[in-house]
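Asker: Data: entry-v3.csv, CSV, C-alpha atoms and all ligand atoms.
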```csv
chain,number,residue,atom,x,y,z
H,28,MET,CA,96.5,161.2,118.3
H,29,GLY,CA,96.4,157.4,118.4
H,30,ILE,CA,94.5,155.5,115.8
H,31,GLU,CA,92.3,153.9,118.5
H,32,THR,CA,90.7,157.2,119.3
H,33,ALA,CA,89.1,157.3,115.8
H,34,ILE,CA,87.6,153.7,116.0
H,35,SER,CA,83.9,154.3,116.0
H,36,GLU,CA,81.8,151.8,117.8
H,37,SER,CA,78.6,152.9,116.0
H,38,ARG,CA,80.2,152.9,112.5
H,39,LEU,CA,81.7,149.4,113.1
H,40,TRP,CA,78.4,148.1,114.4
H,41,THR,CA,76.6,149.5,111.3
H,42,LEU,CA,79.1,147.8,109.1
H,43,LEU,CA,78.5,144.5,110.9
H,44,MET,CA,74.7,144.8,110.6
H,45,GLU,CA,75.0,145.8,106.9
H,46,LEU,CA,77.1,142.6,106.2
H,47,ALA,CA,74.6,140.5,108.2
H,48,ARG,CA,71.8,141.4,105.7
H,49,TYR,CA,73.5,139.1,103.1
H,50,GLY,CA,72.1,135.6,103.6
H,51,ALA,CA,70.2,136.7,106.7
H,52,THR,CA,68.0,133.8,108.1
H,53,PRO,CA,64.7,134.2,109.9
H,54,ASN,CA,66.3,133.2,113.1
H,55,GLY,CA,68.7,136.0,113.1
H,56,GLY,CA,71.7,134.2,111.7
H,57,VAL,CA,73.2,134.0,108.2
H,58,ASN,CA,73.5,131.3,105.6
H,59,ARG,CA,76.3,132.7,103.4
H,60,GLN,CA,78.1,129.6,102.2
H,61,ALA,CA,81.3,130.1,100.2
H,62,LEU,CA,80.8,131.2,96.6
H,63,SER,CA,77.0,131.4,96.9
H,64,SER,CA,75.0,134.3,95.7
H,65,ALA,CA,74.4,135.4,99.3
H,66,GLU,CA,78.2,135.5,99.9
H,67,LEU,CA,78.7,137.3,96.6
H,68,GLY,CA,76.3,140.0,98.0
H,69,ALA,CA,78.6,140.5,101.0
H,70,ARG,CA,81.7,140.5,98.7
H,71,ARG,CA,80.1,143.2,96.5
H,72,TYR,CA,79.3,145.3,99.5
H,73,MET,CA,82.9,145.2,100.7
H,74,ILE,CA,84.2,146.0,97.2
H,75,ALA,CA,81.8,149.0,96.8
H,76,TRP,CA,82.7,150.2,100.3
H,77,ALA,CA,86.4,150.2,99.3
H,78,LYS,CA,85.9,151.9,95.9
H,79,GLU,CA,83.8,154.6,97.5
H,80,ARG,CA,86.7,155.5,99.7
H,81,ASN,CA,89.3,155.2,96.9
H,82,PHE,CA,91.1,152.2,98.3
H,83,GLY,CA,92.6,149.8,95.8
H,84,VAL,CA,90.7,146.5,95.5
H,85,THR,CA,92.2,143.4,94.0
H,86,THR,CA,91.6,139.7,93.9
H,87,ASP,CA,93.6,136.5,93.1
H,88,GLY,CA,93.1,133.2,91.4
H,89,ILE,CA,91.0,131.8,94.3
H,90,GLY,CA,88.8,134.9,94.7
H,91,ASN,CA,90.3,136.3,97.9
H,92,ILE,CA,89.5,140.0,98.2
H,93,PHE,CA,92.2,142.5,99.1
H,94,VAL,CA,91.5,146.2,100.0
H,95,ARG,CA,94.6,148.2,100.1
H,96,ARG,CA,95.5,151.5,101.8
H,97,ASN,CA,98.9,152.7,100.6
H,98,GLY,CA,101.8,153.4,102.9
H,99,THR,CA,104.5,156.0,102.5
H,100,ASP,CA,106.8,153.3,101.1
H,101,ASN,CA,104.8,151.1,98.8
H,102,SER,CA,107.8,148.9,97.9
H,103,LEU,CA,107.5,147.4,101.4
H,104,ALA,CA,105.4,144.3,102.1
H,105,PRO,CA,102.0,145.1,103.5
H,106,VAL,CA,100.5,144.4,106.9
H,107,LEU,CA,97.6,142.1,106.2
H,108,THR,CA,94.5,141.9,108.4
H,109,GLY,CA,91.1,140.4,107.9
H,110,SER,CA,89.1,137.2,108.1
H,111,HIS,CA,86.3,135.6,106.0
H,112,LEU,CA,82.8,136.5,104.8
H,113,ASP,CA,81.5,132.9,104.3
H,114,SER,CA,79.4,131.2,106.9
H,115,GLN,CA,78.0,127.9,108.0
H,116,PRO,CA,74.5,127.0,106.7
H,117,THR,CA,73.0,128.1,110.0
H,118,GLY,CA,75.8,130.4,111.0
H,119,GLY,CA,76.0,133.6,113.0
H,120,LYS,CA,76.5,137.2,112.0
H,121,PHE,CA,80.0,137.6,113.5
H,122,ASP,CA,82.1,134.5,112.7
H,123,GLY,CA,84.5,135.9,110.1
H,124,SER,CA,82.6,139.0,109.4
H,125,TYR,CA,83.9,140.6,112.6
H,126,GLY,CA,87.5,140.4,111.5
H,127,VAL,CA,86.7,141.8,108.1
H,128,ALA,CA,84.6,144.6,109.4
H,129,ALA,CA,87.0,145.5,112.2
H,130,SER,CA,89.8,145.7,109.6
H,131,MET,CA,87.7,147.9,107.3
H,132,GLU,CA,86.9,150.2,110.3
H,133,ILE,CA,90.7,150.6,110.8
H,134,LEU,CA,91.1,151.9,107.2
H,135,ALA,CA,88.2,154.3,107.8
H,136,ALA,CA,89.7,155.5,111.1
H,137,LEU,CA,93.1,156.0,109.5
H,138,ASP,CA,91.6,158.2,106.7
H,139,GLU,CA,89.6,160.2,109.3
H,140,LEU,CA,92.7,161.1,111.2
H,141,GLY,CA,94.8,161.4,108.1
H,142,ILE,CA,97.4,159.0,109.5
H,143,SER,CA,100.1,157.7,107.1
H,144,THR,CA,101.7,154.4,107.8
H,145,ARG,CA,105.1,153.4,106.4
H,146,ARG,CA,103.9,150.1,105.0
H,147,PRO,CA,100.7,149.6,103.1
H,148,ILE,CA,97.8,147.9,105.0
H,149,GLU,CA,95.7,145.4,103.2
H,150,VAL,CA,92.3,144.1,104.4
H,151,VAL,CA,91.5,140.6,103.2
H,152,SER,CA,88.5,138.4,103.0
H,153,TRP,CA,89.5,134.8,102.4
H,154,THR,CA,87.5,132.4,100.2
H,155,ASN,CA,85.9,129.3,101.7
H,156,GLU,CA,87.2,129.4,105.3
H,157,GLU,CA,84.3,127.3,106.7
H,158,GLY,CA,84.9,124.2,104.7
H,159,CYS,CA,81.2,123.2,104.9
H,160,ARG,CA,80.3,123.7,101.2
H,161,PHE,CA,83.7,122.8,99.8
H,162,PHE,CA,86.0,120.6,101.9
H,163,PRO,CA,88.7,121.3,103.2
H,164,ALA,CA,88.4,124.5,105.2
H,165,CYS,CA,90.6,127.6,104.6
H,166,ILE,CA,91.0,127.0,100.9
H,167,GLY,CA,91.5,130.7,100.0
H,168,SER,CA,94.2,131.3,102.6
H,169,GLY,CA,95.7,127.8,101.8
H,170,VAL,CA,96.1,128.7,98.2
H,171,PHE,CA,97.5,132.1,99.1
H,172,ALA,CA,100.0,130.5,101.5
H,173,GLY,CA,101.0,127.8,99.0
H,174,ALA,CA,99.5,124.9,101.1
H,175,PHE,CA,97.3,123.8,98.1
H,176,SER,CA,97.7,124.6,94.4
H,177,LEU,CA,94.8,126.4,92.7
H,178,ASP,CA,94.5,123.5,90.2
H,179,SER,CA,94.1,121.0,92.9
H,180,VAL,CA,91.1,122.8,94.5
H,181,LEU,CA,89.1,123.8,91.4
H,182,PRO,CA,87.7,120.3,90.8
H,183,LEU,CA,86.4,120.0,94.4
H,184,MET,CA,82.7,119.4,94.6
H,185,ASP,CA,80.0,120.6,97.0
H,186,PRO,CA,77.3,118.2,98.2
H,187,ASP,CA,75.1,119.1,95.2
H,188,GLY,CA,77.9,118.2,92.7
H,189,ILE,CA,78.8,121.8,91.8
H,190,LYS,CA,82.5,122.2,91.2
H,191,LEU,CA,84.4,124.8,93.1
H,192,GLY,CA,85.8,126.1,89.8
H,193,ASP,CA,82.4,126.8,88.4
H,194,ALA,CA,81.1,128.5,91.6
H,195,LEU,CA,84.3,130.5,91.7
H,196,ALA,CA,83.9,131.6,88.1
H,197,ALA,CA,80.4,132.9,88.8
H,198,THR,CA,81.6,134.8,91.9
H,199,MET,CA,84.6,136.3,90.0
H,200,LYS,CA,82.2,137.5,87.3
H,201,GLY,CA,79.9,139.0,90.0
H,202,MET,CA,82.8,140.7,91.7
H,203,ASP,CA,83.9,142.3,88.4
H,204,LEU,CA,87.5,142.7,89.5
H,205,ASP,CA,89.0,140.9,86.4
H,206,ALA,CA,91.7,143.4,85.7
H,207,ALA,CA,92.7,143.9,89.3
H,208,VAL,CA,94.9,141.0,90.3
H,209,ARG,CA,96.9,141.2,93.4
H,210,PRO,CA,100.6,140.7,92.7
H,211,ALA,CA,101.8,137.5,94.4
H,212,SER,CA,103.9,138.8,97.3
H,213,LYS,CA,104.3,137.8,100.9
H,214,PRO,CA,102.8,140.0,103.5
H,215,HIS,CA,105.0,141.5,106.2
H,216,CYS,CA,102.7,139.9,108.8
H,217,TYR,CA,99.1,138.8,109.3
H,218,ILE,CA,96.7,139.7,112.1
H,219,GLU,CA,93.2,138.3,112.4
H,220,ALA,CA,90.5,139.5,114.8
H,221,HIS,CA,87.8,136.9,115.5
H,222,ILE,CA,85.1,136.1,118.0
H,223,GLU,CA,86.3,133.5,120.4
H,224,GLN,CA,83.7,130.9,119.5
H,225,GLY,CA,84.1,129.5,123.0
H,226,PRO,CA,83.1,130.7,126.6
H,227,LEU,CA,86.5,131.4,128.3
H,228,LEU,CA,86.7,135.2,127.8
H,229,GLU,CA,83.1,135.8,128.8
H,230,LEU,CA,83.5,133.5,131.9
H,231,ALA,CA,86.6,135.4,132.9
H,232,ASN,CA,85.1,138.8,132.1
H,233,ILE,CA,88.1,139.7,130.0
H,234,PRO,CA,87.7,141.6,126.8
H,235,ILE,CA,90.7,140.4,124.7
H,236,GLY,CA,92.2,137.0,124.0
H,237,VAL,CA,95.7,136.9,122.7
H,238,VAL,CA,96.0,133.7,120.7
H,239,THR,CA,99.3,132.0,121.2
H,240,GLY,CA,98.7,129.1,118.8
H,241,PHE,CA,96.3,126.4,117.7
H,242,GLN,CA,95.3,123.0,118.9
H,243,GLY,CA,95.8,120.3,116.4
H,244,GLY,CA,92.9,118.6,114.6
H,245,CYS,CA,92.0,115.7,112.4
H,246,ARG,CA,89.0,114.5,110.4
H,247,ILE,CA,88.4,110.8,110.0
H,248,LYS,CA,85.8,109.2,107.7
H,249,VAL,CA,84.3,105.9,108.8
H,250,GLU,CA,82.3,103.8,106.3
H,251,VAL,CA,80.3,100.9,107.7
H,252,THR,CA,79.1,98.4,105.1
H,253,GLY,CA,76.4,95.8,105.9
H,254,GLN,CA,73.7,94.4,103.7
H,255,GLU,CA,70.4,95.9,102.6
H,256,GLY,CA,67.3,93.8,103.4
H,257,HIS,CA,63.5,94.0,103.7
H,258,SER,CA,62.6,95.5,107.1
H,259,GLY,CA,59.6,93.3,107.4
H,260,THR,CA,61.1,89.9,106.6
H,261,THR,CA,64.7,89.9,107.5
H,262,PRO,CA,65.2,88.3,111.0
H,263,ARG,CA,67.6,89.8,113.4
H,264,ARG,CA,70.0,86.9,113.3
H,265,THR,CA,70.7,87.3,109.5
H,266,ARG,CA,70.8,91.1,109.4
H,267,LYS,CA,73.9,93.1,108.7
H,268,ASP,CA,72.5,96.5,109.8
H,269,ALA,CA,75.1,99.1,109.1
H,270,LEU,CA,73.3,101.7,111.3
H,271,PHE,CA,73.4,99.4,114.4
H,272,SER,CA,77.1,98.8,113.9
H,273,ALA,CA,77.8,102.5,113.4
H,274,VAL,CA,76.0,103.3,116.7
H,275,GLU,CA,78.1,100.6,118.5
H,276,ILE,CA,81.3,102.1,117.0
H,277,ILE,CA,80.4,105.6,118.0
H,278,SER,CA,79.5,104.5,121.6
H,279,ALA,CA,82.9,102.8,121.9
H,280,LEU,CA,84.7,105.9,120.5
H,281,LYS,CA,82.9,108.1,122.9
H,282,GLN,CA,84.5,106.1,125.7
H,283,VAL,CA,87.9,106.6,124.1
H,284,ALA,CA,87.3,110.3,123.9
H,285,GLN,CA,86.4,110.7,127.6
H,286,ASP,CA,89.4,112.4,129.0
H,287,GLN,CA,89.3,113.5,132.6
H,288,ASP,CA,90.3,117.1,132.1
H,289,ASP,CA,87.9,117.7,129.2
H,290,ILE,CA,90.5,118.9,126.7
H,291,LEU,CA,89.9,116.5,123.8
H,292,ARG,CA,87.2,117.6,121.4
H,293,PHE,CA,85.3,114.7,119.8
H,294,THR,CA,82.5,115.3,117.3
H,295,VAL,CA,80.5,113.3,114.8
H,296,GLY,CA,78.8,116.1,112.9
H,297,ARG,CA,78.1,114.2,109.7
H,298,PHE,CA,76.2,110.9,109.7
H,299,GLU,CA,74.6,109.5,106.6
H,300,VAL,CA,72.4,106.4,106.3
H,301,PHE,CA,71.9,104.5,103.0
H,302,PRO,CA,69.7,103.9,101.2
H,303,GLY,CA,67.7,106.0,103.7
H,304,SER,CA,64.4,104.2,103.2
H,305,PRO,CA,62.2,103.5,106.3
H,306,ASN,CA,61.5,99.9,105.2
H,307,THR,CA,65.0,98.8,104.2
H,308,VAL,CA,67.7,97.6,106.6
H,309,PRO,CA,70.5,100.2,106.2
H,310,GLY,CA,73.3,98.7,104.1
H,311,ARG,CA,75.8,101.5,104.5
H,312,VAL,CA,76.6,104.3,106.9
H,313,VAL,CA,79.2,107.0,106.5
H,314,PHE,CA,80.1,109.3,109.3
H,315,VAL,CA,82.9,111.8,109.8
H,316,ILE,CA,84.8,112.3,113.1
H,317,ASP,CA,86.3,115.7,114.0
H,318,MET,CA,88.9,115.4,116.8
H,319,ARG,CA,91.1,118.2,118.3
H,320,HIS,CA,93.7,118.4,121.0
H,321,PRO,CA,96.5,120.9,121.9
H,322,ASP,CA,99.0,118.0,122.5
H,323,ASN,CA,100.2,116.3,119.4
H,324,THR,CA,101.1,113.0,121.1
H,325,VAL,CA,97.6,112.7,122.5
H,326,LEU,CA,95.9,113.7,119.3
H,327,ARG,CA,98.0,111.2,117.2
H,328,SER,CA,97.3,108.3,119.6
H,329,LYS,CA,93.6,109.0,119.8
H,330,ALA,CA,93.4,109.3,116.0
H,331,ASP,CA,95.2,106.0,115.6
H,332,GLU,CA,92.9,104.3,118.1
H,333,VAL,CA,89.8,105.0,115.9
H,334,GLN,CA,90.7,102.2,113.4
H,335,GLN,CA,91.2,99.5,116.0
H,336,VAL,CA,88.0,100.6,118.0
H,337,ALA,CA,85.9,100.7,114.9
H,338,MET,CA,87.0,97.2,113.8
H,339,ALA,CA,86.4,95.8,117.2
H,340,SER,CA,82.9,97.2,117.4
H,341,ALA,CA,81.6,96.6,113.9
H,342,GLY,CA,79.9,93.3,114.6
H,343,SER,CA,78.6,91.6,111.5
H,344,CYS,CA,79.5,94.6,109.2
H,345,SER,CA,82.7,95.6,107.7
H,346,VAL,CA,84.3,98.9,108.3
H,347,ASP,CA,86.7,101.2,106.5
H,348,VAL,CA,88.5,104.0,108.3
H,349,MET,CA,90.1,106.9,106.3
H,350,GLU,CA,92.0,109.8,107.8
H,351,MET,CA,90.9,112.8,105.6
H,352,SER,CA,93.1,115.4,107.2
H,353,TYR,CA,95.5,115.8,110.1
H,354,ARG,CA,96.9,119.1,111.4
H,355,PRO,CA,99.4,119.0,114.3
H,356,PRO,CA,99.1,121.8,117.0
H,357,SER,CA,101.3,124.9,116.3
H,358,GLY,CA,102.3,128.0,118.0
H,359,PHE,CA,102.6,131.5,116.5
H,360,GLN,CA,105.9,133.3,116.3
H,361,PRO,CA,106.4,136.0,119.0
H,362,ALA,CA,106.5,139.1,116.7
H,363,VAL,CA,102.8,139.7,116.3
H,364,ILE,CA,101.7,138.2,119.6
H,365,ASP,CA,104.0,140.6,121.4
H,366,ALA,CA,102.7,143.5,119.5
H,367,ILE,CA,99.1,142.6,120.4
H,368,ARG,CA,100.0,142.2,124.1
H,369,GLN,CA,101.7,145.6,124.1
H,370,SER,CA,98.8,147.2,122.3
H,371,ALA,CA,96.3,145.8,124.8
H,372,ALA,CA,98.5,147.0,127.7
H,373,ALA,CA,98.9,150.5,126.2
H,374,LEU,CA,95.2,150.8,125.9
H,375,GLY,CA,94.7,149.6,129.5
H,376,VAL,CA,92.7,146.5,128.3
H,377,THR,CA,93.2,143.2,130.2
H,378,HIS,CA,93.9,140.1,128.1
H,379,LEU,CA,93.9,136.4,128.4
H,380,GLU,CA,96.5,134.2,126.6
H,381,MET,CA,94.8,131.2,124.9
H,382,THR,CA,95.2,128.6,122.2
H,383,SER,CA,92.5,128.6,119.5
H,384,GLY,CA,90.1,125.7,119.7
H,385,ALA,CA,88.9,126.3,116.1
H,386,GLY,CA,90.9,126.4,112.9
H,387,HIS,CA,91.3,129.7,111.2
H,388,ASP,CA,92.9,131.2,108.1
H,389,ALA,CA,95.7,132.4,110.4
H,390,VAL,CA,96.9,128.8,110.5
H,391,GLN,CA,97.7,129.0,106.8
H,392,LEU,CA,99.2,132.5,107.0
H,393,ASP,CA,101.5,131.3,109.8
H,394,LYS,CA,103.3,129.2,107.2
H,395,ILE,CA,104.5,132.3,105.3
H,396,CYS,CA,104.7,135.2,107.7
H,397,PRO,CA,104.6,136.2,111.3
H,398,THR,CA,101.0,135.8,112.4
H,399,GLY,CA,98.7,136.5,115.4
H,400,MET,CA,95.1,136.6,116.4
H,401,ILE,CA,92.9,138.6,118.7
H,402,PHE,CA,89.8,137.1,120.2
H,403,ILE,CA,86.8,139.0,121.6
H,404,PRO,CA,84.1,137.4,123.8
H,405,CYS,CA,80.9,136.1,122.3
H,406,TRP,CA,77.6,135.5,124.1
H,407,ARG,CA,77.8,132.1,126.0
H,408,GLY,CA,80.6,131.1,123.7
H,409,LEU,CA,78.0,130.2,121.1
H,410,SER,CA,79.2,130.1,117.4
H,411,HIS,CA,78.3,128.1,114.3
H,412,ASN,CA,74.8,129.0,115.6
H,413,GLU,CA,72.3,131.5,114.5
H,414,ALA,CA,72.1,132.9,118.0
H,415,GLU,CA,75.8,133.9,117.9
H,416,SER,CA,76.1,137.3,119.5
H,417,ILE,CA,78.6,140.0,120.6
H,418,THR,CA,78.1,143.5,122.1
H,419,PRO,CA,78.9,146.7,120.2
H,420,GLU,CA,81.3,147.6,123.1
H,421,ALA,CA,83.2,144.3,122.8
H,422,SER,CA,83.5,144.7,119.1
H,423,ALA,CA,85.0,148.2,119.5
H,424,ILE,CA,87.5,147.2,122.1
H,425,GLY,CA,88.7,144.4,119.8
H,426,ALA,CA,89.0,146.8,116.9
H,427,ARG,CA,91.0,149.3,119.0
H,428,VAL,CA,93.5,146.7,120.0
H,429,LEU,CA,93.6,145.5,116.4
H,430,ALA,CA,94.0,149.0,115.1
H,431,ARG,CA,96.9,149.9,117.3
H,432,THR,CA,98.7,146.6,116.6
H,433,VAL,CA,98.2,147.0,112.8
H,434,VAL,CA,99.6,150.6,112.9
H,435,VAL,CA,102.6,149.7,115.1
H,436,LEU,CA,103.5,146.8,112.7
H,437,ALA,CA,102.9,148.9,109.6
H,438,ASP,CA,105.3,151.5,110.9
H,439,ARG,CA,108.1,149.0,111.4
U,1,ZN,ZN,85.6,132.0,111.4
```
Can you turn what I pasted into structure tokens?
Answerer:
Amino acid sequence: MGIETAISESRLWTLLMELARYGATPNGGVNRQALSSAELGARRYMIAWAKERNFGVTTDGIGNIFVRRNGTDNSLAPVLTGSHLDSQPTGGKFDGSYGVAASMEILAALDELGISTRRPIEVVSWTNEEGCRFFPACIGSGVFAGAFSLDSVLPLMDPDGIKLGDALAATMKGMDLDAAVRPASKPHCYIEAHIEQGPLLELANIPIGVVTGFQGGCRIKVEVTGQEGHSGTTPRRTRKDALFSAVEIISALKQVAQDQDDILRFTVGRFEVFPGSPNTVPGRVVFVIDMRHPDNTVLRSKADEVQQVAMASAGSCSVDVMEMSYRPPSGFQPAVIDAIRQSAAALGVTHLEMTSGAGHDAVQLDKICPTGMIFIPCWRGLSHNEAESITPEASAIGARVLARTVVVLADR
């Protein structure tokens, strides 16, 4: 009997709702930021779940959690599947959690049918995928894949001045996995199931997205410096109002970002005014631009334009533009994508091929092993929003395609 027959919609849904209790917000979302006590609750739930079922549980230096079901040949590299349990401050119940829960459901279904796979299967939850508490995003998967060293991320600070290293130490203590360290070895491949976080699958009424690659993205910090002054006495002609200049710069950049086919994604999601007093002319503004595009030439040229546009629109203030990160677009290798396509076809499930608009841990894993992603539709494409929602049926269809893919790859 195929593994997909044992995937239980109700068991998976219960798991999702259990995880959603950690950091639950009054508006139906979750606030489970990386290495917080709420996130630790979800981690401990996952660890207890695994121990109850006699799966091996290990961690690594950055606190990623690995739940392992042995294969018949445990000298072989494991098939890795999972996602993340951290969330945005006003996040939804399914971003990240879905991929972790669907992967856990696969282990439960394998046990139920008594299926042995040739390779071990490991379910992973990556640390700090979101990048909102500690920047950059995908730190856990990045350290795992060798994109960052552990030492380089430990001193990173959250907006309250708490060091990642200290928050990590507290989480490690709470997870109580000290003696269980995952041996550093490359996985055979990595598969991540995730909600789409966009509207395309729902609009097309198609249950599965096969992700072929990622659009590129960059973050650019702009700092506008003027001069503080008394709001009641400083005349317009002598003001150097950093806020007014920042507004001009953003308006000009908005024009630059206006592409006819609506492919470029341009966001200013962080904007800070200093000193932030109602009766002081703002002397300094810092904002961060997040820009994404699937074509590297376009992305690079738009990112380069920011400097010039900011200088031209700064008026009486000075402006400093700093590129914080740049990730070119990339495509997945065919091995995992093909397996996902074939699994969907074998189950009679239609799919849409798409590039991912969001960044994911899979971007990091793609650097060290064949990688692929499965998307499922989410309500109105909403994500990073407490109203984020999926249906139990959609969650089960995604888990069935994931399960079949994982088992096929684990038997290779
Ligand atoms: Zn996510």
Asker: Using Å and a single decimal, report how far atom CA of H:Phe402 sits from atom CA of H:Glu380.
Answerer: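 These two atoms are separated by 9.7 Å.
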Asker: If you count all atoms listed in the file, which residues end up within 12 Å of ligand ZN 1 (chain U), as a PyMOL selection string?
Answerer: chain H and resi 109-115+118-127+152-159+164-165+219-225+383-390+400+402+410-412+415
Asker: Report the distance between atom CA of H:Asn232 and atom CA of H:Thr418 in Å, rounded to one decimal place.
Answerer: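 Separation between atom CA of H:Asn232 and atom CA of H:Thr418: 13.1 Å.
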Asker: Work out how far atom CA of H:Ser179 is from atom CA of H:Glu250, in Å to one decimal.
Answerer: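 Straight-line distance from atom CA of H:Glu250 to atom CA of H:Ser179 works out to 24.8 Å.
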Asker: What's around H:Ile133 at 10 Å? Count all atoms listed in the file, leave out sequence neighbours fewer than 3 positions away in its own chain, and write the answer as a PyMOL selection string.
Answerer: chain H and resi 30-31+33-35+39+108+128-130+136-139+148+150+426-427+429-431+433-434
Asker: Restricting the calculation to all atoms listed in the file: of H:Val336, H:Val151, H:Ala51, H:Leu181, which residue gets closest to H:Asp193?
Answerer: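 Closest to H:Asp193 of all the choices is H:Leu181.
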Asker: Please build the interface table for stretch 350-415 of chain H against stretch 312-335 of chain H with a cut-off of 8 Å, listing for each qualifying residue the nearest atom pair and the distance in Å to one decimal; count all atoms listed in the file, order rows by chain and increasing number, and write it as a tab-separated table.
Answerer:
```
residue	atom	partner	partner_atom	distance
H:Pro355	CA	H:Asn323	CA	5.8
H:Pro356	CA	H:Pro321	CA	5.6
H:Thr382	CA	H:Pro321	CA	7.8
H:Gly384	CA	H:Arg319	CA	7.7
```
Asker: Please provide as a list in words all residues within 9 Å of stretch 197-203 of chain H, with the sequence filter that same-chain residues fewer than 6 positions apart are discarded (counting all atoms listed in the file).
Answerer: Leu62, Ser63, Ser64, Glu66, Leu67, Gly68, Arg70, Arg71, Ile74, Thr86, Ile89 and Gly90 of chain H
Asker: As a list in words, please: the residues near H:Pro226 (cut-off 8 Å, all atoms listed in the file, same-chain neighbours under 4 positions excluded).
Answerer: Leu230, Pro404, Cys405, Trp406, Arg407, Gly408 and Leu409 of chain H
Asker: Using all atoms listed in the file, list the residues that have an atom at most 9 Å from (74.8, 96.0, 119.9), coordinates as in the file, as a list in words.
Answerer: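 These residues have at least one counted atom within 9 Å: Phe271, Ser272, Val274, Glu275, Ser340 and Gly342 of chain H.
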Asker: Please determine, counting all atoms listed in the file, which residue among H:Leu280, H:Ile247, H:Cys344, H:Ala194 has the shortest atom-to-atom distance to H:Arg266.
Answerer: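 Closest candidate: H:Cys344.
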Asker: Between H:Glu36, H:Asp393, H:Glu45, H:Glu255, single out the one closest to H:Ser168, counting all atoms listed in the file.
Answerer: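 Under the stated criterion, the closest residue is H:Asp393.
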Asker: Taking all atoms listed in the file into account, name the residue in H:Ser416, H:Ser370, H:Thr252, H:Thr432 that is nearest to H:Met44.
Answerer: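 Under the stated criterion, the closest residue is H:Ser416.
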Asker: For a quick check of understanding, using all atoms listed in the file, which of H:Gly244, H:Gly50, H:Gly310, H:Pro210 has the smallest distance to H:Thr85?
Answerer: H:Pro210
Asker: Between H:Asn306, H:Phe359, H:Val435, H:Leu291, single out the one closest to H:Gly259, counting all atoms listed in the file.
Answerer: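 Of H:Asn306, H:Phe359, H:Val435, H:Leu291, the one nearest H:Gly259 is H:Asn306, counting all atoms listed in the file.
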Asker: Stretch 187-197 of chain H from the block above, N, CA, C and O atoms, as an mmCIF file, in the first residue's frame, please?
Answerer:
```
data_model
loop_
_atom_site.group_PDB
_atom_site.id
_atom_site.type_symbol
_atom_site.label_atom_id
_atom_site.label_comp_id
_atom_site.auth_asym_id
_atom_site.auth_seq_id
_atom_site.Cartn_x
_atom_site.Cartn_y
_atom_site.Cartn_z
ATOM 1 N N ASP H 187 15.906 44.485 20.735
ATOM 2 C CA ASP H 187 16.010 44.823 22.157
ATOM 3 C C ASP H 187 17.439 44.686 22.683
ATOM 4 O O ASP H 187 17.670 44.798 23.893
ATOM 5 N N GLY H 188 18.386 44.395 21.803
ATOM 6 C CA GLY H 188 19.781 44.284 22.227
ATOM 7 C C GLY H 188 20.150 42.918 22.797
ATOM 8 O O GLY H 188 21.198 42.771 23.404
ATOM 9 N N ILE H 189 19.271 41.938 22.622
ATOM 10 C CA ILE H 189 19.591 40.582 23.105
ATOM 11 C C ILE H 189 20.389 39.861 22.015
ATOM 12 O O ILE H 189 20.008 39.865 20.838
ATOM 13 N N LYS H 190 21.492 39.245 22.440
ATOM 14 C CA LYS H 190 22.342 38.542 21.480
ATOM 15 C C LYS H 190 21.745 37.200 21.092
ATOM 16 O O LYS H 190 21.205 36.480 21.955
ATOM 17 N N LEU H 191 21.891 36.858 19.821
ATOM 18 C CA LEU H 191 21.412 35.558 19.348
ATOM 19 C C LEU H 191 22.024 34.435 20.182
ATOM 20 O O LEU H 191 21.334 33.488 20.571
ATOM 21 N N GLY H 192 23.304 34.569 20.497
ATOM 22 C CA GLY H 192 23.983 33.528 21.274
ATOM 23 C C GLY H 192 23.321 33.292 22.622
ATOM 24 O O GLY H 192 23.188 32.139 23.070
ATOM 25 N N ASP H 193 22.884 34.375 23.276
ATOM 26 C CA ASP H 193 22.241 34.230 24.590
ATOM 27 C C ASP H 193 20.846 33.618 24.454
ATOM 28 O O ASP H 193 20.459 32.748 25.245
ATOM 29 N N ALA H 194 20.095 34.084 23.452
ATOM 30 C CA ALA H 194 18.749 33.525 23.238
ATOM 31 C C ALA H 194 18.850 32.046 22.860
ATOM 32 O O ALA H 194 18.042 31.216 23.293
ATOM 33 N N LEU H 195 19.887 31.728 22.075
ATOM 34 C CA LEU H 195 20.096 30.341 21.660
ATOM 35 C C LEU H 195 20.432 29.457 22.869
ATOM 36 O O LEU H 195 19.910 28.338 22.992
ATOM 37 N N ALA H 196 21.282 29.982 23.756
ATOM 38 C CA ALA H 196 21.670 29.190 24.937
ATOM 39 C C ALA H 196 20.436 28.857 25.780
ATOM 40 O O ALA H 196 20.291 27.722 26.263
ATOM 41 N N ALA H 197 19.533 29.827 25.928
ATOM 42 C CA ALA H 197 18.306 29.593 26.709
ATOM 43 C C ALA H 197 17.431 28.532 26.036
ATOM 44 O O ALA H 197 16.876 27.638 26.684
#
```
